[in-house]
file final.pdb (PDB, C-alpha atoms)
ATOM      1  CA  MET J 767      12.359  37.745   2.702
ATOM      2  CA  ALA J 768      11.179  37.591   6.311
ATOM      3  CA  LEU J 769      11.605  34.267   8.076
ATOM      4  CA  MET J 770       8.424  32.386   8.846
ATOM      5  CA  SER J 771       7.385  32.335  12.511
ATOM      6  CA  ILE J 772       6.430  29.403  14.669
ATOM      7  CA  ASP J 773       2.854  30.737  14.628
ATOM      8  CA  HIS J 774       2.906  30.508  10.839
ATOM      9  CA  ASP J 775       4.184  26.920  11.024
ATOM     10  CA  ILE J 776       1.490  25.896  13.497
ATOM     11  CA  ALA J 777      -1.222  27.552  11.391
ATOM     12  CA  ALA J 778       0.079  25.869   8.211
ATOM     13  CA  SER J 779       0.146  22.515   9.995
ATOM     14  CA  ALA J 780      -3.466  22.982  11.093
ATOM     15  CA  GLU J 781      -4.589  23.961   7.595
ATOM     16  CA  LEU J 782      -2.823  20.997   5.986
ATOM     17  CA  LEU J 783      -4.495  18.623   8.409
ATOM     18  CA  ALA J 784      -7.915  20.214   7.884
ATOM     19  CA  GLU J 785      -7.620  20.052   4.086
ATOM     20  CA  CYS J 786      -6.537  16.403   4.186
ATOM     21  CA  ASN J 787      -9.223  15.355   6.652
ATOM     22  CA  ALA J 788     -11.907  17.149   4.624
ATOM     23  CA  ARG J 789     -11.095  14.933   1.644
ATOM     24  CA  ILE J 790     -10.414  11.677   3.495
ATOM     25  CA  ASN J 791     -13.036  11.478   6.246
ATOM     26  CA  GLY J 792     -16.040   9.537   5.036
ATOM     27  CA  ALA J 793     -14.350   8.241   1.889
ATOM     28  CA  THR J 794     -15.910   5.034   0.529
ATOM     29  CA  LEU J 795     -13.476   2.125   0.432
ATOM     30  CA  GLY J 796     -15.643  -0.828  -0.503
ATOM     31  CA  ASP J 797     -15.422  -4.142   1.331
ATOM     32  CA  SER J 798     -11.763  -5.063   0.704
ATOM     33  CA  THR J 799     -10.264  -6.096   4.041
ATOM     34  CA  ARG J 800      -6.800  -5.107   2.845
ATOM     35  CA  ASN J 801      -7.931  -1.611   1.929
ATOM     36  CA  ARG J 802      -9.871  -1.148   5.147
ATOM     37  CA  VAL J 803      -6.927  -2.196   7.333
ATOM     38  CA  SER J 804      -4.608   0.087   5.393
ATOM     39  CA  ALA J 805      -7.050   2.995   5.556
ATOM     40  CA  ALA J 806      -7.520   2.542   9.307
ATOM     41  CA  LEU J 807      -3.771   2.762   9.915
ATOM     42  CA  LEU J 808      -3.361   5.772   7.648
ATOM     43  CA  HIS J 809      -6.293   7.469   9.374
ATOM     44  CA  LEU J 810      -4.672   6.746  12.755
ATOM     45  CA  SER J 811      -1.516   8.453  11.513
ATOM     46  CA  LEU J 812      -3.567  11.529  10.594
ATOM     47  CA  GLU J 813      -5.166  11.454  14.034
ATOM     48  CA  HIS J 814      -1.716  11.514  15.629
ATOM     49  CA  HIS J 815      -0.995  14.693  13.643
ATOM     50  CA  GLY J 816      -4.208  16.158  15.020
ATOM     51  CA  ALA J 817      -3.209  15.258  18.563
ATOM     52  CA  ILE J 818       0.255  16.731  18.073
ATOM     53  CA  HIS J 819      -1.334  19.958  16.878
ATOM     54  CA  LEU J 820      -3.656  20.120  19.891
ATOM     55  CA  LEU J 821      -0.805  19.453  22.304
ATOM     56  CA  ILE J 822       1.529  22.124  20.943
ATOM     57  CA  SER J 823      -1.327  24.647  20.639
ATOM     58  CA  ASN J 824      -2.562  24.195  24.222
ATOM     59  CA  GLU J 825      -1.651  27.677  25.388
ATOM     60  CA  PRO J 826      -0.650  28.800  27.926
ATOM     61  CA  HIS J 827       0.495  25.284  28.860
ATOM     62  CA  PRO J 828       1.461  23.305  25.743
ATOM     63  CA  HIS J 829       2.336  19.645  26.223
ATOM     64  CA  TYR J 830       5.409  19.458  24.038
ATOM     65  CA  GLY J 831       6.814  16.231  25.445
ATOM     66  CA  SER J 832       3.621  14.324  24.688
ATOM     67  CA  ALA J 833       3.474  15.879  21.220
ATOM     68  CA  PHE J 834       7.002  14.711  20.423
ATOM     69  CA  ALA J 835       6.151  11.223  21.714
ATOM     70  CA  LEU J 836       3.507  10.862  18.976
ATOM     71  CA  LEU J 837       5.956  11.381  16.117
ATOM     72  CA  ARG J 838       7.083   7.746  16.067
ATOM     73  CA  PRO J 839       3.550   6.265  16.049
ATOM     74  CA  GLN J 840       2.576   8.756  13.340
ATOM     75  CA  PHE J 841       5.441   7.499  11.167
ATOM     76  CA  GLU J 842       4.756   3.841  12.015
ATOM     77  CA  GLY J 843       1.076   4.238  11.166
ATOM     78  CA  PHE J 844       2.045   5.480   7.724
ATOM     79  CA  VAL J 845       4.588   2.708   7.079
ATOM     80  CA  ARG J 846       2.266  -0.039   8.282
ATOM     81  CA  GLY J 847      -0.697   1.374   6.381
ATOM     82  CA  VAL J 848       1.140   1.431   3.050
ATOM     83  CA  TRP J 849       2.787  -1.943   3.694
ATOM     84  CA  PHE J 850      -0.558  -3.645   4.287
ATOM     85  CA  HIS J 851      -1.903  -2.096   1.103
ATOM     86  CA  ARG J 852       1.055  -2.763  -1.182
ATOM     87  CA  CYS J 853       3.164  -5.581   0.300
ATOM     88  CA  ALA J 854       1.507  -7.818   2.906
ATOM     89  CA  SER J 855       0.569 -11.351   1.949
ATOM     90  CA  GLU J 856      -2.906 -12.658   2.646
ATOM     91  CA  GLN J 857      -1.407 -14.723   5.467
ATOM     92  CA  GLU J 858       0.235 -11.651   7.028
ATOM     93  CA  LEU J 859      -2.993  -9.706   6.715
ATOM     94  CA  SER J 860      -5.001 -12.487   8.326
ATOM     95  CA  LYS J 861      -2.480 -12.838  11.157
ATOM     96  CA  PHE J 862      -2.715  -9.107  11.902
ATOM     97  CA  ILE J 863      -6.517  -9.160  11.963
ATOM     98  CA  ARG J 864      -6.347 -11.994  14.508
ATOM     99  CA  GLY J 865      -4.151  -9.866  16.797
ATOM    100  CA  GLY J 866      -0.662 -10.594  15.498
ATOM    101  CA  GLU J 867       2.016  -8.046  14.764
ATOM    102  CA  PRO J 868       3.638  -7.261  11.421
ATOM    103  CA  ALA J 869       7.396  -7.524  10.979
ATOM    104  CA  ARG J 870       9.801  -4.964  12.400
ATOM    105  CA  ILE J 871       9.801  -1.586  10.716
ATOM    106  CA  ASP J 872      13.142  -2.160   8.922
ATOM    107  CA  GLU J 873      11.635  -5.178   7.142
ATOM    108  CA  LEU J 874       8.485  -3.246   6.244
ATOM    109  CA  ILE J 875      10.546  -0.413   4.762
ATOM    110  CA  ARG J 876      12.732  -2.835   2.796
ATOM    111  CA  ALA J 877       9.600  -4.370   1.287
ATOM    112  CA  LEU J 878       8.085  -0.949   0.538
ATOM    113  CA  GLU J 879      11.192   0.207  -1.293
ATOM    114  CA  THR J 880      10.533  -2.424  -3.952
ATOM    115  CA  VAL J 881       7.172  -0.749  -4.698
ATOM    116  CA  PRO J 882       6.868   1.890  -7.445
ATOM    117  CA  GLY J 883       6.903   5.329  -5.874
ATOM    118  CA  TYR J 884       8.918   4.278  -2.818
ATOM    119  CA  GLU J 885      12.139   3.063  -4.493
ATOM    120  CA  GLU J 886      14.287   6.157  -3.923
ATOM    121  CA  GLY J 887      15.386   5.265  -0.400
ATOM    122  CA  LEU J 888      13.591   8.164   1.284
ATOM    123  CA  LEU J 889      11.889   5.972   3.893
ATOM    124  CA  LYS J 890      15.118   4.166   4.718
ATOM    125  CA  SER J 891      17.075   7.419   5.050
ATOM    126  CA  THR J 892      14.319   9.009   7.156
ATOM    127  CA  LYS J 893      14.292   6.014   9.458
ATOM    128  CA  GLN J 894      18.088   6.050   9.754
ATOM    129  CA  ASN J 895      18.234   9.788  10.425
ATOM    130  CA  VAL J 896      15.431  10.301  12.920
ATOM    131  CA  TRP J 897      14.335   6.903  14.265
ATOM    132  CA  ARG J 898      16.603   7.029  17.303
ATOM    133  CA  ILE J 899      15.337  10.427  18.359
ATOM    134  CA  MET J 900      11.726   9.358  17.629
ATOM    135  CA  CYS J 901      12.216   6.425  20.008
ATOM    136  CA  GLY J 902      13.836   8.670  22.600
ATOM    137  CA  TYR J 903      10.849  11.003  22.562
ATOM    138  CA  ALA J 904       8.364   8.105  22.627
ATOM    139  CA  HIS J 905      10.033   6.135  25.425
ATOM    140  CA  GLY J 906      11.308   8.842  27.745
ATOM    141  CA  GLY J 907      14.885   8.943  26.499
ATOM    142  CA  SER J 908      17.564  11.423  27.428
ATOM    143  CA  VAL J 909      16.249  14.004  24.951
ATOM    144  CA  GLN J 910      12.957  14.176  26.878
ATOM    145  CA  VAL J 911      14.811  14.494  30.175
ATOM    146  CA  ALA J 912      17.160  17.197  28.895
ATOM    147  CA  SER J 913      14.213  19.175  27.530
ATOM    148  CA  ARG J 914      12.625  19.561  30.960
ATOM    149  CA  MET J 915      15.598  20.204  33.216
ATOM    150  CA  SER J 916      17.344  23.397  34.219
ATOM    151  CA  ALA J 917      19.963  24.058  36.863
ATOM    152  CA  THR J 918      17.352  24.554  39.580
ATOM    153  CA  GLU J 919      14.007  23.037  38.545
ATOM    154  CA  ILE J 920      12.101  20.492  36.509
ATOM    155  CA  ALA J 921       9.921  22.184  33.899
ATOM    156  CA  GLY J 922       9.251  22.030  30.191
ATOM    157  CA  ASN J 923      12.189  23.647  28.441
ATOM    158  CA  TYR J 924      11.595  22.862  24.777
ATOM    159  CA  THR J 925      12.937  25.462  22.370
ATOM    160  CA  GLU J 926      11.016  27.101  19.560
ATOM    161  CA  GLN J 927      13.460  25.485  17.143
ATOM    162  CA  GLN J 928      12.633  22.023  18.509
ATOM    163  CA  VAL J 929       8.916  22.637  18.020
ATOM    164  CA  ARG J 930       9.445  23.913  14.487
ATOM    165  CA  GLU J 931      11.533  20.829  13.709
ATOM    166  CA  LEU J 932       8.679  18.661  14.989
ATOM    167  CA  ILE J 933       6.263  20.395  12.624
ATOM    168  CA  SER J 934       8.762  20.004   9.780
ATOM    169  CA  LEU J 935       8.654  16.218  10.316
ATOM    170  CA  VAL J 936       4.951  15.796  11.058
ATOM    171  CA  CYS J 937       3.648  17.618   7.994
ATOM    172  CA  PRO J 938       5.592  15.677   5.317
ATOM    173  CA  ILE J 939       4.410  12.427   6.931
ATOM    174  CA  THR J 940       0.837  13.684   6.672
ATOM    175  CA  LEU J 941       1.410  14.472   2.995
ATOM    176  CA  LEU J 942       2.673  10.916   2.421
ATOM    177  CA  VAL J 943      -0.283   9.501   4.346
ATOM    178  CA  SER J 944      -2.773  11.531   2.339
ATOM    179  CA  VAL J 945      -1.265  10.608  -1.026
ATOM    180  CA  ALA J 946      -1.248   6.945   0.034
ATOM    181  CA  PHE J 947      -4.930   7.265   0.948
ATOM    182  CA  ALA J 948      -5.683   8.740  -2.472
ATOM    183  CA  GLN J 949      -3.890   5.752  -4.015
ATOM    184  CA  LEU J 950      -6.111   3.447  -1.973
ATOM    185  CA  LEU J 951      -9.063   5.181  -3.598
ATOM    186  CA  ASP J 952      -7.359   5.079  -7.024
ATOM    187  CA  ASN J 953      -7.885   8.837  -7.164
ATOM    188  CA  ASN J 954      -4.982  10.637  -8.838
ATOM    189  CA  THR J 955      -6.864  13.939  -8.792
ATOM    190  CA  MET J 956      -7.044  13.801  -5.007
ATOM    191  CA  ALA J 957      -3.354  12.893  -4.751
ATOM    192  CA  ASN J 958      -2.434  15.928  -6.871
ATOM    193  CA  GLU J 959      -4.661  18.138  -4.712
ATOM    194  CA  PHE J 960      -2.733  17.047  -1.635
ATOM    195  CA  LEU J 961       0.565  17.863  -3.315
ATOM    196  CA  SER J 962      -0.682  21.309  -4.380
ATOM    197  CA  ILE J 963      -1.957  22.085  -0.885
ATOM    198  CA  TYR J 964       1.354  21.097   0.686
ATOM    199  CA  GLN J 965       3.380  23.152  -1.798
ATOM    200  CA  ARG J 966       1.185  26.203  -1.124
ATOM    201  CA  LEU J 967       1.516  25.911   2.631
ATOM    202  CA  PHE J 968       5.199  24.943   2.714
ATOM    203  CA  PRO J 969       6.791  26.620  -0.340
TER     204      PRO J 969
END
call {"tool": "encode", "arguments": {"input": "final.pdb", "output": "structure tokens"}}
result
Amino acid sequence: MALMSIDHDIAASAELLAECNARINGATLGDSTRNRVSAALLHLSLEHHGAIHLLISNEPHPHYGSAFALLRPQFEGFVRGVWFHRCASEQELSKFIRGGEPARIDELIRALETVPGYEEGLLKSTKQNVWRIMCGYAHGGSVQVASRMSATEIAGNYTEQQVRELISLVCPITLLVSVAFAQLLDNNTMANEFLSIYQRLFP
């Protein structure tokens, strides 16, 4: 079987995002403040995917560094969105609406992993495995510096493999976001549609 190309990965990423947005944009949430805060954060996470796609597709001058920098906020948007829906107290919700910040991400993940559907440790292991590099990309760490230096000049020097790895992280987060949004709507049919779309695009 022929290996998939980076063009295939980028096209699959775009199609996943389009399919998810087509079902989520304009969805009716009712007047629950908790649901609206959660939905806003999940929608922001989807928007970060859209921005990542635009940045890596901006030929002939893609902005890979900026695309990588959005991976952490995409992940944080998902974690915060689900936490506000499933875990936050009324006091924590009210504090956030007034401009406060939720707890650190480790605490949010610990709380989430007591919730049905998130108990398997996937969020914790993801955070442990890629959080440091997410932060490095977001805050101008050594990985960003190394990816734009050569022996004689400063220029973007991101490899195709790096870009494909970015896509391989972004798209599963978007799947999780979309399923969480379907749960907000109490719509199991929509959640299953998202799973089927992802499996078709990333077999």
call {"tool": "closest_residue", "arguments": {"input": "final.pdb", "among": "J:Leu961, J:Leu782, J:Ile822, J:Val848", "to": "Glu879 (chain J)", "atoms": "all atoms listed in the file"}}
result
J:Val848
call {"tool": "atom_distance", "arguments": {"input": "final.pdb", "atom1": "CA of Leu932 (chain J)", "atom2": "CA of Ala869 (chain J)"}}
result
26.5 Å
call {"tool": "closest_residue", "arguments": {"input": "final.pdb", "among": "J:Pro868, J:Gly796, J:Pro969, J:Pro828", "to": "Asp775 (chain J)", "atoms": "all atoms listed in the file"}}
result
J:Pro969
call {"tool": "residues_around", "arguments": {"input": "final.pdb", "residues": "region 945-956 of chain J", "least_positions_apart": "3", "cutoff": "12 Å", "atoms": "all atoms listed in the file", "output": "tab-separated table (two decimals) with C-alpha atoms, keeping the file's coordinate frame"}}
result
chain	number	residue	atom	x	y	z
J	785	GLU	CA	-7.62	20.05	4.09
J	786	CYS	CA	-6.54	16.40	4.19
J	787	ASN	CA	-9.22	15.36	6.65
J	788	ALA	CA	-11.91	17.15	4.62
J	789	ARG	CA	-11.10	14.93	1.64
J	790	ILE	CA	-10.41	11.68	3.50
J	791	ASN	CA	-13.04	11.48	6.25
J	792	GLY	CA	-16.04	9.54	5.04
J	793	ALA	CA	-14.35	8.24	1.89
J	794	THR	CA	-15.91	5.03	0.53
J	795	LEU	CA	-13.48	2.12	0.43
J	796	GLY	CA	-15.64	-0.83	-0.50
J	798	SER	CA	-11.76	-5.06	0.70
J	800	ARG	CA	-6.80	-5.11	2.84
J	801	ASN	CA	-7.93	-1.61	1.93
J	802	ARG	CA	-9.87	-1.15	5.15
J	803	VAL	CA	-6.93	-2.20	7.33
J	804	SER	CA	-4.61	0.09	5.39
J	805	ALA	CA	-7.05	3.00	5.56
J	806	ALA	CA	-7.52	2.54	9.31
J	807	LEU	CA	-3.77	2.76	9.91
J	808	LEU	CA	-3.36	5.77	7.65
J	809	HIS	CA	-6.29	7.47	9.37
J	810	LEU	CA	-4.67	6.75	12.76
J	811	SER	CA	-1.52	8.45	11.51
J	812	LEU	CA	-3.57	11.53	10.59
J	843	GLY	CA	1.08	4.24	11.17
J	844	PHE	CA	2.04	5.48	7.72
J	845	VAL	CA	4.59	2.71	7.08
J	846	ARG	CA	2.27	-0.04	8.28
J	847	GLY	CA	-0.70	1.37	6.38
J	848	VAL	CA	1.14	1.43	3.05
J	849	TRP	CA	2.79	-1.94	3.69
J	850	PHE	CA	-0.56	-3.64	4.29
J	851	HIS	CA	-1.90	-2.10	1.10
J	852	ARG	CA	1.06	-2.76	-1.18
J	882	PRO	CA	6.87	1.89	-7.44
J	883	GLY	CA	6.90	5.33	-5.87
J	884	TYR	CA	8.92	4.28	-2.82
J	938	PRO	CA	5.59	15.68	5.32
J	939	ILE	CA	4.41	12.43	6.93
J	940	THR	CA	0.84	13.68	6.67
J	941	LEU	CA	1.41	14.47	3.00
J	942	LEU	CA	2.67	10.92	2.42
J	959	GLU	CA	-4.66	18.14	-4.71
J	960	PHE	CA	-2.73	17.05	-1.64
J	961	LEU	CA	0.56	17.86	-3.32
J	962	SER	CA	-0.68	21.31	-4.38
J	963	ILE	CA	-1.96	22.08	-0.88
J	964	TYR	CA	1.35	21.10	0.69
call {"tool": "axis_aligned_box", "arguments": {"input": "final.pdb", "around": "region 793-808 of chain J", "padding_each_side": "5 Å", "output": "AutoDock Vina command-line options"}}
result
--center_x -9.6 --center_y 1.1 --center_z 4.7 --size_x 22.5 --size_y 24.3 --size_z 20.4
call {"tool": "residues_near_point", "arguments": {"input": "final.pdb", "point": "(14.6, 26.2, 22.3)", "cutoff": "12 Å", "atoms": "all atoms listed in the file", "output": "VMD selection string"}}
result
chain J and resid 772 830 912 to 914 922 to 931
call {"tool": "atom_distance", "arguments": {"input": "final.pdb", "atom1": "CA of Leu837 (chain J)", "atom2": "CA of Phe968 (chain J)"}}
result
19.1 Å
call {"tool": "decode", "arguments": {"input": "final.pdb", "residues": "region 871-893 of chain J", "atoms": "N, CA, C and O atoms", "output": "mmCIF file, in the first residue's frame"}}
result
data_model
loop_
_atom_site.group_PDB
_atom_site.id
_atom_site.type_symbol
_atom_site.label_atom_id
_atom_site.label_comp_id
_atom_site.auth_asym_id
_atom_site.auth_seq_id
_atom_site.Cartn_x
_atom_site.Cartn_y
_atom_site.Cartn_z
ATOM 1 N N ILE J 871 -3.956 23.189 34.157
ATOM 2 C CA ILE J 871 -4.470 22.129 33.287
ATOM 3 C C ILE J 871 -4.342 20.744 33.925
ATOM 4 O O ILE J 871 -5.195 19.874 33.719
ATOM 5 N N ASP J 872 -3.311 20.504 34.742
ATOM 6 C CA ASP J 872 -3.182 19.198 35.399
ATOM 7 C C ASP J 872 -4.394 18.922 36.294
ATOM 8 O O ASP J 872 -4.906 17.793 36.338
ATOM 9 N N GLU J 873 -4.857 19.941 37.007
ATOM 10 C CA GLU J 873 -6.016 19.780 37.885
ATOM 11 C C GLU J 873 -7.282 19.548 37.064
ATOM 12 O O GLU J 873 -8.144 18.744 37.449
ATOM 13 N N LEU J 874 -7.411 20.256 35.948
ATOM 14 C CA LEU J 874 -8.586 20.061 35.095
ATOM 15 C C LEU J 874 -8.626 18.627 34.561
ATOM 16 O O LEU J 874 -9.683 17.988 34.544
ATOM 17 N N ILE J 875 -7.478 18.137 34.120
ATOM 18 C CA ILE J 875 -7.414 16.779 33.572
ATOM 19 C C ILE J 875 -7.700 15.751 34.661
ATOM 20 O O ILE J 875 -8.422 14.769 34.421
ATOM 21 N N ARG J 876 -7.167 15.961 35.857
ATOM 22 C CA ARG J 876 -7.461 15.023 36.953
ATOM 23 C C ARG J 876 -8.966 14.953 37.221
ATOM 24 O O ARG J 876 -9.519 13.868 37.434
ATOM 25 N N ALA J 877 -9.619 16.109 37.209
ATOM 26 C CA ALA J 877 -11.068 16.127 37.427
ATOM 27 C C ALA J 877 -11.790 15.430 36.275
ATOM 28 O O ALA J 877 -12.720 14.645 36.498
ATOM 29 N N LEU J 878 -11.361 15.680 35.044
ATOM 30 C CA LEU J 878 -12.023 15.090 33.881
ATOM 31 C C LEU J 878 -11.911 13.573 33.883
ATOM 32 O O LEU J 878 -12.829 12.871 33.434
ATOM 33 N N GLU J 879 -10.803 13.054 34.390
ATOM 34 C CA GLU J 879 -10.603 11.610 34.340
ATOM 35 C C GLU J 879 -11.397 10.862 35.404
ATOM 36 O O GLU J 879 -11.263 9.654 35.546
ATOM 37 N N THR J 880 -12.266 11.578 36.109
ATOM 38 C CA THR J 880 -13.273 10.928 36.954
ATOM 39 C C THR J 880 -14.625 10.874 36.257
ATOM 40 O O THR J 880 -15.582 10.323 36.799
ATOM 41 N N VAL J 881 -14.702 11.432 35.051
ATOM 42 C CA VAL J 881 -15.956 11.534 34.291
ATOM 43 C C VAL J 881 -16.071 10.360 33.327
ATOM 44 O O VAL J 881 -15.087 10.020 32.652
ATOM 45 N N PRO J 882 -17.228 9.721 33.237
ATOM 46 C CA PRO J 882 -17.400 8.628 32.272
ATOM 47 C C PRO J 882 -17.011 9.050 30.857
ATOM 48 O O PRO J 882 -17.409 10.118 30.374
ATOM 49 N N GLY J 883 -16.201 8.223 30.227
ATOM 50 C CA GLY J 883 -15.728 8.516 28.883
ATOM 51 C C GLY J 883 -14.319 9.078 28.848
ATOM 52 O O GLY J 883 -13.666 9.088 27.801
ATOM 53 N N TYR J 884 -13.835 9.561 30.000
ATOM 54 C CA TYR J 884 -12.493 10.149 30.055
ATOM 55 C C TYR J 884 -11.619 9.451 31.095
ATOM 56 O O TYR J 884 -10.562 9.957 31.460
ATOM 57 N N GLU J 885 -12.032 8.254 31.562
ATOM 58 C CA GLU J 885 -11.344 7.611 32.681
ATOM 59 C C GLU J 885 -10.093 6.848 32.279
ATOM 60 O O GLU J 885 -9.349 6.403 33.152
ATOM 61 N N GLU J 886 -9.824 6.666 31.017
ATOM 62 C CA GLU J 886 -8.771 5.741 30.587
ATOM 63 C C GLU J 886 -7.363 6.320 30.671
ATOM 64 O O GLU J 886 -6.398 5.634 30.368
ATOM 65 N N GLY J 887 -7.225 7.566 31.049
ATOM 66 C CA GLY J 887 -5.904 8.158 31.183
ATOM 67 C C GLY J 887 -5.346 8.749 29.911
ATOM 68 O O GLY J 887 -4.187 9.173 29.877
ATOM 69 N N LEU J 888 -6.149 8.805 28.843
ATOM 70 C CA LEU J 888 -5.646 9.311 27.568
ATOM 71 C C LEU J 888 -5.238 10.782 27.663
ATOM 72 O O LEU J 888 -4.196 11.178 27.147
ATOM 73 N N LEU J 889 -6.054 11.601 28.337
ATOM 74 C CA LEU J 889 -5.717 13.017 28.443
ATOM 75 C C LEU J 889 -4.437 13.218 29.240
ATOM 76 O O LEU J 889 -3.573 14.020 28.867
ATOM 77 N N LYS J 890 -4.314 12.478 30.333
ATOM 78 C CA LYS J 890 -3.109 12.592 31.161
ATOM 79 C C LYS J 890 -1.875 12.172 30.374
ATOM 80 O O LYS J 890 -0.847 12.860 30.400
ATOM 81 N N SER J 891 -1.957 11.060 29.654
ATOM 82 C CA SER J 891 -0.798 10.583 28.893
ATOM 83 C C SER J 891 -0.466 11.534 27.750
ATOM 84 O O SER J 891 0.710 11.778 27.459
ATOM 85 N N THR J 892 -1.496 12.083 27.096
ATOM 86 C CA THR J 892 -1.253 13.059 26.026
ATOM 87 C C THR J 892 -0.534 14.278 26.577
ATOM 88 O O THR J 892 0.441 14.760 25.997
ATOM 89 N N LYS J 893 -1.023 14.762 27.714
ATOM 90 C CA LYS J 893 -0.406 15.938 28.321
ATOM 91 C C LYS J 893 1.043 15.644 28.692
ATOM 92 O O LYS J 893 1.942 16.447 28.439
#
